[in-house]
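Undergrad: Structure supplied as model.pdb; contents: PDB, C-alpha atoms, pLDDT in the B column.
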```
ATOM      1  CA  MET A1284     170.139 298.423 230.480  1.00 52.00           C
ATOM      2  CA  SER A1285     166.911 299.300 228.839  1.00 49.00           C
ATOM      3  CA  HIS A1286     164.961 302.530 229.134  1.00 49.00           C
ATOM      4  CA  VAL A1287     161.782 301.188 227.612  1.00 52.00           C
ATOM      5  CA  GLY A1288     158.691 302.958 228.838  1.00 51.00           C
ATOM      6  CA  SER A1289     160.486 305.854 230.452  1.00 48.00           C
ATOM      7  CA  GLN A1290     159.417 309.256 229.296  1.00 52.00           C
ATOM      8  CA  HIS A1291     160.868 312.615 230.022  1.00 50.00           C
ATOM      9  CA  SER A1292     158.506 315.570 230.160  1.00 49.00           C
ATOM     10  CA  PRO A1293     159.947 318.987 229.499  1.00 51.00           C
ATOM     11  CA  GLN A1294     160.447 321.110 232.557  1.00 54.00           C
ATOM     12  CA  PRO A1295     160.084 324.882 232.589  1.00 52.00           C
ATOM     13  CA  SER A1296     163.433 326.570 232.244  1.00 54.00           C
ATOM     14  CA  GLY A1297     162.673 329.243 234.801  1.00 53.00           C
ATOM     15  CA  PRO A1298     159.993 330.583 237.093  1.00 56.00           C
ATOM     16  CA  THR A1299     156.651 331.182 235.382  1.00 54.00           C
ATOM     17  CA  THR A1300     154.272 334.002 236.080  1.00 52.00           C
ATOM     18  CA  PRO A1301     150.576 333.357 235.585  1.00 55.00           C
ATOM     19  CA  ARG A1302     148.890 335.638 233.034  1.00 52.00           C
ATOM     20  CA  PRO A1303     146.234 337.855 234.534  1.00 52.00           C
ATOM     21  CA  ALA A1304     142.734 337.286 233.215  1.00 57.00           C
ATOM     22  CA  VAL A1305     141.183 340.071 231.136  1.00 51.00           C
ATOM     23  CA  SER A1306     138.484 341.826 233.117  1.00 56.00           C
ATOM     24  CA  GLY A1307     134.954 341.993 231.734  1.00 56.00           C
ATOM     25  CA  ARG A1308     135.259 345.749 231.261  1.00 55.00           C
ATOM     26  CA  THR A1309     138.465 345.424 229.251  1.00 53.00           C
ATOM     27  CA  ALA A1310     137.007 342.584 227.168  1.00 49.00           C
ATOM     28  CA  ARG A1311     133.971 344.738 226.291  1.00 53.00           C
ATOM     29  CA  ARG A1312     136.236 347.609 225.246  1.00 54.00           C
ATOM     30  CA  ILE A1313     138.288 345.316 223.033  1.00 52.00           C
ATOM     31  CA  ALA A1314     135.134 343.834 221.486  1.00 48.00           C
ATOM     32  CA  ALA A1315     133.708 347.312 220.833  1.00 49.00           C
ATOM     33  CA  ALA A1316     136.941 348.472 219.195  1.00 48.00           C
ATOM     34  CA  LEU A1317     137.067 345.385 216.964  1.00 46.00           C
ATOM     35  CA  ALA A1318     133.418 345.824 215.974  1.00 47.00           C
ATOM     36  CA  ALA A1319     133.969 349.508 215.118  1.00 43.00           C
ATOM     37  CA  GLY A1320     136.975 348.581 212.987  1.00 42.00           C
ATOM     38  CA  ALA A1321     134.984 345.924 211.133  1.00 40.00           C
ATOM     39  CA  VAL A1322     132.165 348.384 210.412  1.00 36.00           C
ATOM     40  CA  ALA A1323     134.647 350.997 209.148  1.00 37.00           C
ATOM     41  CA  LEU A1324     136.260 348.463 206.831  1.00 36.00           C
ATOM     42  CA  GLY A1325     132.873 347.370 205.529  1.00 38.00           C
ATOM     43  CA  LEU A1326     131.787 350.923 204.788  1.00 35.00           C
ATOM     44  CA  SER A1327     134.993 351.800 202.975  1.00 35.00           C
ATOM     45  CA  ALA A1328     134.710 348.668 200.868  1.00 37.00           C
ATOM     46  CA  CYS A1329     131.140 349.507 199.827  1.00 40.00           C
ATOM     47  CA  GLY A1330     131.497 353.165 198.962  1.00 42.00           C
ATOM     48  CA  GLY A1331     135.124 353.853 198.322  1.00 43.00           C
ATOM     49  CA  ASP A1332     134.938 354.434 194.592  1.00 51.00           C
ATOM     50  CA  GLY A1333     131.907 356.768 194.569  1.00 59.00           C
ATOM     51  CA  GLY A1334     129.590 354.706 192.433  1.00 74.00           C
ATOM     52  CA  SER A1335     129.225 353.473 188.893  1.00 86.00           C
ATOM     53  CA  THR A1336     131.909 353.983 186.282  1.00 91.00           C
ATOM     54  CA  THR A1337     129.437 353.222 183.481  1.00 96.00           C
ATOM     55  CA  VAL A1338     128.756 356.343 181.425  1.00 98.00           C
ATOM     56  CA  LYS A1339     125.142 357.547 181.730  1.00 98.00           C
ATOM     57  CA  LYS A1340     124.114 358.899 178.310  1.00 98.00           C
ATOM     58  CA  ILE A1341     121.277 361.406 178.109  1.00 98.00           C
ATOM     59  CA  ASP A1342     120.038 362.464 174.662  1.00 98.00           C
ATOM     60  CA  ILE A1343     118.837 366.070 174.469  1.00 98.00           C
ATOM     61  CA  THR A1344     117.176 367.472 171.358  1.00 98.00           C
ATOM     62  CA  PHE A1345     116.411 371.150 170.721  1.00 97.00           C
ATOM     63  CA  SER A1346     113.971 371.857 167.889  1.00 96.00           C
ATOM     64  CA  GLY A1347     112.574 375.360 167.519  1.00 94.00           C
ATOM     65  CA  SER A1348     111.229 376.414 170.900  1.00 94.00           C
ATOM     66  CA  SER A1349     110.959 372.907 172.377  1.00 95.00           C
ATOM     67  CA  VAL A1350     113.389 370.548 174.076  1.00 97.00           C
ATOM     68  CA  THR A1351     113.287 366.836 174.786  1.00 97.00           C
ATOM     69  CA  PRO A1352     113.527 365.666 177.526  1.00 97.00           C
ATOM     70  CA  ASN A1353     111.547 368.350 179.285  1.00 95.00           C
ATOM     71  CA  GLY A1354     111.981 368.125 183.057  1.00 95.00           C
ATOM     72  CA  ASP A1355     112.559 364.358 183.262  1.00 97.00           C
ATOM     73  CA  ARG A1356     114.329 363.025 186.369  1.00 98.00           C
ATOM     74  CA  VAL A1357     117.318 360.741 185.749  1.00 98.00           C
ATOM     75  CA  LYS A1358     119.106 358.788 188.504  1.00 98.00           C
ATOM     76  CA  VAL A1359     122.915 358.821 188.523  1.00 98.00           C
ATOM     77  CA  ASP A1360     125.595 357.891 191.043  1.00 97.00           C
ATOM     78  CA  VAL A1361     127.976 360.332 192.697  1.00 97.00           C
ATOM     79  CA  ASP A1362     130.985 360.799 190.371  1.00 96.00           C
ATOM     80  CA  GLN A1363     129.388 358.690 187.626  1.00 97.00           C
ATOM     81  CA  PRO A1364     130.457 359.896 184.174  1.00 98.00           C
ATOM     82  CA  ILE A1365     127.529 361.575 182.372  1.00 98.00           C
ATOM     83  CA  ASP A1366     127.362 362.372 178.653  1.00 98.00           C
ATOM     84  CA  LEU A1367     124.764 364.933 177.621  1.00 98.00           C
ATOM     85  CA  ILE A1368     124.395 364.299 173.897  1.00 98.00           C
ATOM     86  CA  VAL A1369     122.889 367.489 172.499  1.00 98.00           C
ATOM     87  CA  THR A1370     121.430 367.833 168.995  1.00 98.00           C
ATOM     88  CA  ALA A1371     120.107 371.304 168.178  1.00 97.00           C
ATOM     89  CA  ASP A1372     118.891 373.357 165.263  1.00 97.00           C
ATOM     90  CA  GLU A1373     120.267 376.548 166.879  1.00 96.00           C
ATOM     91  CA  PRO A1374     123.408 377.011 169.011  1.00 96.00           C
ATOM     92  CA  GLY A1375     122.864 377.589 172.705  1.00 96.00           C
ATOM     93  CA  GLU A1376     124.041 376.969 176.224  1.00 97.00           C
ATOM     94  CA  LEU A1377     123.114 374.526 178.985  1.00 97.00           C
ATOM     95  CA  HIS A1378     123.467 375.477 182.642  1.00 97.00           C
ATOM     96  CA  VAL A1379     124.169 372.750 185.186  1.00 97.00           C
ATOM     97  CA  HIS A1380     123.182 373.924 188.663  1.00 96.00           C
ATOM     98  CA  SER A1381     125.758 371.857 190.520  1.00 93.00           C
ATOM     99  CA  GLU A1382     128.370 372.881 193.068  1.00 89.00           C
ATOM    100  CA  PRO A1383     130.089 374.753 191.420  1.00 91.00           C
ATOM    101  CA  GLU A1384     127.658 375.759 188.672  1.00 94.00           C
ATOM    102  CA  GLN A1385     128.722 374.919 185.134  1.00 96.00           C
ATOM    103  CA  SER A1386     127.776 376.202 181.676  1.00 97.00           C
ATOM    104  CA  PHE A1387     128.279 374.383 178.379  1.00 97.00           C
ATOM    105  CA  GLU A1388     127.795 375.679 174.848  1.00 96.00           C
ATOM    106  CA  TYR A1389     126.420 373.452 172.122  1.00 96.00           C
ATOM    107  CA  GLU A1390     126.377 373.793 168.324  1.00 96.00           C
ATOM    108  CA  GLY A1391     123.353 374.313 166.083  1.00 96.00           C
ATOM    109  CA  GLY A1392     122.531 373.331 162.512  1.00 97.00           C
ATOM    110  CA  GLY A1393     121.598 369.781 163.494  1.00 96.00           C
ATOM    111  CA  ALA A1394     125.122 369.106 164.783  1.00 96.00           C
ATOM    112  CA  THR A1395     125.612 366.865 167.817  1.00 97.00           C
ATOM    113  CA  THR A1396     127.637 368.093 170.792  1.00 97.00           C
ATOM    114  CA  THR A1397     128.642 365.730 173.603  1.00 98.00           C
ATOM    115  CA  ILE A1398     129.035 367.371 177.013  1.00 97.00           C
ATOM    116  CA  GLU A1399     130.914 365.283 179.571  1.00 97.00           C
ATOM    117  CA  LEU A1400     130.413 365.896 183.275  1.00 95.00           C
ATOM    118  CA  GLN A1401     130.395 364.298 186.711  1.00 96.00           C
ATOM    119  CA  ILE A1402     128.570 365.390 189.856  1.00 96.00           C
ATOM    120  CA  ALA A1403     130.560 365.025 193.087  1.00 95.00           C
ATOM    121  CA  ARG A1404     127.788 365.596 195.656  1.00 94.00           C
ATOM    122  CA  PRO A1405     124.489 363.830 196.230  1.00 96.00           C
ATOM    123  CA  GLY A1406     121.279 365.775 195.610  1.00 96.00           C
ATOM    124  CA  VAL A1407     119.159 366.957 192.708  1.00 98.00           C
ATOM    125  CA  VAL A1408     121.024 368.885 190.010  1.00 98.00           C
ATOM    126  CA  GLU A1409     118.997 370.763 187.416  1.00 98.00           C
ATOM    127  CA  VAL A1410     120.149 371.116 183.824  1.00 98.00           C
ATOM    128  CA  GLU A1411     118.463 374.098 182.175  1.00 98.00           C
ATOM    129  CA  SER A1412     118.323 375.951 178.908  1.00 96.00           C
ATOM    130  CA  HIS A1413     118.298 379.626 179.755  1.00 86.00           C
ATOM    131  CA  ASP A1414     117.715 380.444 176.063  1.00 89.00           C
ATOM    132  CA  LEU A1415     114.322 378.675 176.240  1.00 93.00           C
ATOM    133  CA  ASP A1416     113.831 379.221 179.987  1.00 93.00           C
ATOM    134  CA  GLU A1417     113.171 375.466 180.306  1.00 95.00           C
ATOM    135  CA  LEU A1418     114.207 372.738 182.718  1.00 98.00           C
ATOM    136  CA  VAL A1419     115.748 370.062 180.495  1.00 98.00           C
ATOM    137  CA  VAL A1420     116.537 367.317 183.009  1.00 98.00           C
ATOM    138  CA  SER A1421     116.955 366.851 186.763  1.00 98.00           C
ATOM    139  CA  LEU A1422     119.832 364.601 187.771  1.00 98.00           C
ATOM    140  CA  GLU A1423     119.058 362.701 190.977  1.00 98.00           C
ATOM    141  CA  VAL A1424     122.550 362.071 192.329  1.00 97.00           C
ATOM    142  CA  SER A1425     123.002 359.457 195.067  1.00 96.00           C
TER
END
```
Could you render the structure from this file as structure tokens?
TA:
Amino acid sequence: MSHVGSQHSPQPSGPTTPRPAVSGRTARRIAAALAAGAVALGLSACGGDGGSTTVKKIDITFSGSSVTPNGDRVKVDVDQPIDLIVTADEPGELHVHSEPEQSFEYEGGGATTTIELQIARPGVVEVESHDLDELVVSLEVS
């Protein structure tokens, strides 16, 4: 006896219940939730580390009653490392008008002092010499 050509199709093992269709309202809610999640993931991927990790070096020279730079604007990223490299003929102090405010002393006699800082909030942060009553540099933090 030959069973050539006979095929057996699998039969359901028990009663089946049809799945209800998703309503249009529910589908829109699901789509909106997925879109919001995708946007949140995209934003965290773009700005999670706070910006550049490359050190921004700014040379500052005090000579007599003048300073260079004198009021220049320099762009930096939030939390980017900044080195203020100060060479001065007389010792003094720089004030960084950030949140919180910071003060840094530097040496005189032609010595070079490197001041390391980072700014955690966007905005314009002024670096001043109160000894000379001069704006040295404005850091544009974004």
Undergrad: Restricting the calculation to only C-alpha atoms: of A:Gly1334, A:Gly1375, A:Pro1383, A:Gly1406, which residue gets closest to Leu1422 of chain A?
TA: A:Gly1406
Undergrad: What separation in Å, quoted to one decimal, exists between atom CA of Ser1421 of chain A and atom CA of Glu1409 of chain A?
TA: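 Distance between the two atoms: 4.5 Å.
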Undergrad: Using all atoms listed in the file, which of A:Glu1411, A:Lys1340, A:Asn1353, A:Ile1402 sits nearest Leu1367 of chain A?
TA: A:Lys1340
Undergrad: What is the distance, in Å and to one decimal place, between atom CA of Thr1351 of chain A and atom CA of Thr1395 of chain A?
TA: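 So the answer is 14.2 Å.
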Undergrad: As a PDB file with C-alpha atoms, keeping the file's coordinate frame, please: the residues near His1413 of chain A (cut-off 10 Å, all atoms listed in the file, same-chain neighbours under 2 positions excluded).
TA:
```pdb
ATOM      1  CA  GLY A1375     122.864 377.589 172.705  1.00 96.00           C
ATOM      2  CA  GLU A1376     124.041 376.969 176.224  1.00 97.00           C
ATOM      3  CA  LEU A1377     123.114 374.526 178.985  1.00 97.00           C
ATOM      4  CA  HIS A1378     123.467 375.477 182.642  1.00 97.00           C
ATOM      5  CA  VAL A1410     120.149 371.116 183.824  1.00 98.00           C
ATOM      6  CA  GLU A1411     118.463 374.098 182.175  1.00 98.00           C
ATOM      7  CA  LEU A1415     114.322 378.675 176.240  1.00 93.00           C
ATOM      8  CA  ASP A1416     113.831 379.221 179.987  1.00 93.00           C
ATOM      9  CA  GLU A1417     113.171 375.466 180.306  1.00 95.00           C
ATOM     10  CA  LEU A1418     114.207 372.738 182.718  1.00 98.00           C
ATOM     11  CA  VAL A1419     115.748 370.062 180.495  1.00 98.00           C
TER      12      VAL A1419
END
```
Undergrad: For atom CA of Arg1356 of chain A and atom CA of Val1420 of chain A, determine how far apart the two atoms are, in Å to one decimal place.
TA: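 It comes out at 5.9 Å.
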Undergrad: Can you list what the PyMOL selection byres ((chain A and resi 1339) around 7) grabs from this structure, as a VMD selection string?
TA: chain A and resid 1337 to 1338 1340 to 1341 1364 to 1366
Undergrad: When you look at Asp1372 of chain A with a cut-off of 9 Å (counting all atoms listed in the file), what residues show up, excluding the ones that are within fewer than 5 positions of it in the same chain? I need them as a ChimeraX atom specification.
TA: /A:1344-1347,1390-1394
Undergrad: Which one of A:Val1408, A:Ser1425, A:Ala1371, A:Asp1360 sits closest to Glu1384 of chain A if you count only C-alpha atoms?
TA: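 Answer, going by the shortest atom-to-atom distance: A:Val1408.
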Undergrad: Smallest atom-to-atom distance to Val1407 of chain A: which of A:Val1357, A:Ile1343, A:Val1369, A:Val1350, using only C-alpha atoms?
TA: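 The closest residue to Val1407 of chain A is A:Val1357.
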Undergrad: Using all atoms listed in the file for the distances, tell me which of A:Ser1381, A:Asp1355, A:Ser1348, A:Thr1370 is nearest to Leu1400 of chain A.
TA: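 Among A:Ser1381, A:Asp1355, A:Ser1348, A:Thr1370, it is A:Ser1381 that comes nearest to Leu1400 of chain A.
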Undergrad: Counting all atoms listed in the file, which residue out of A:Thr1396, A:Ser1335, A:Ser1386, A:His1380 sits closest to Val1359 of chain A?
TA: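 Answer, going by the shortest atom-to-atom distance: A:Ser1335.
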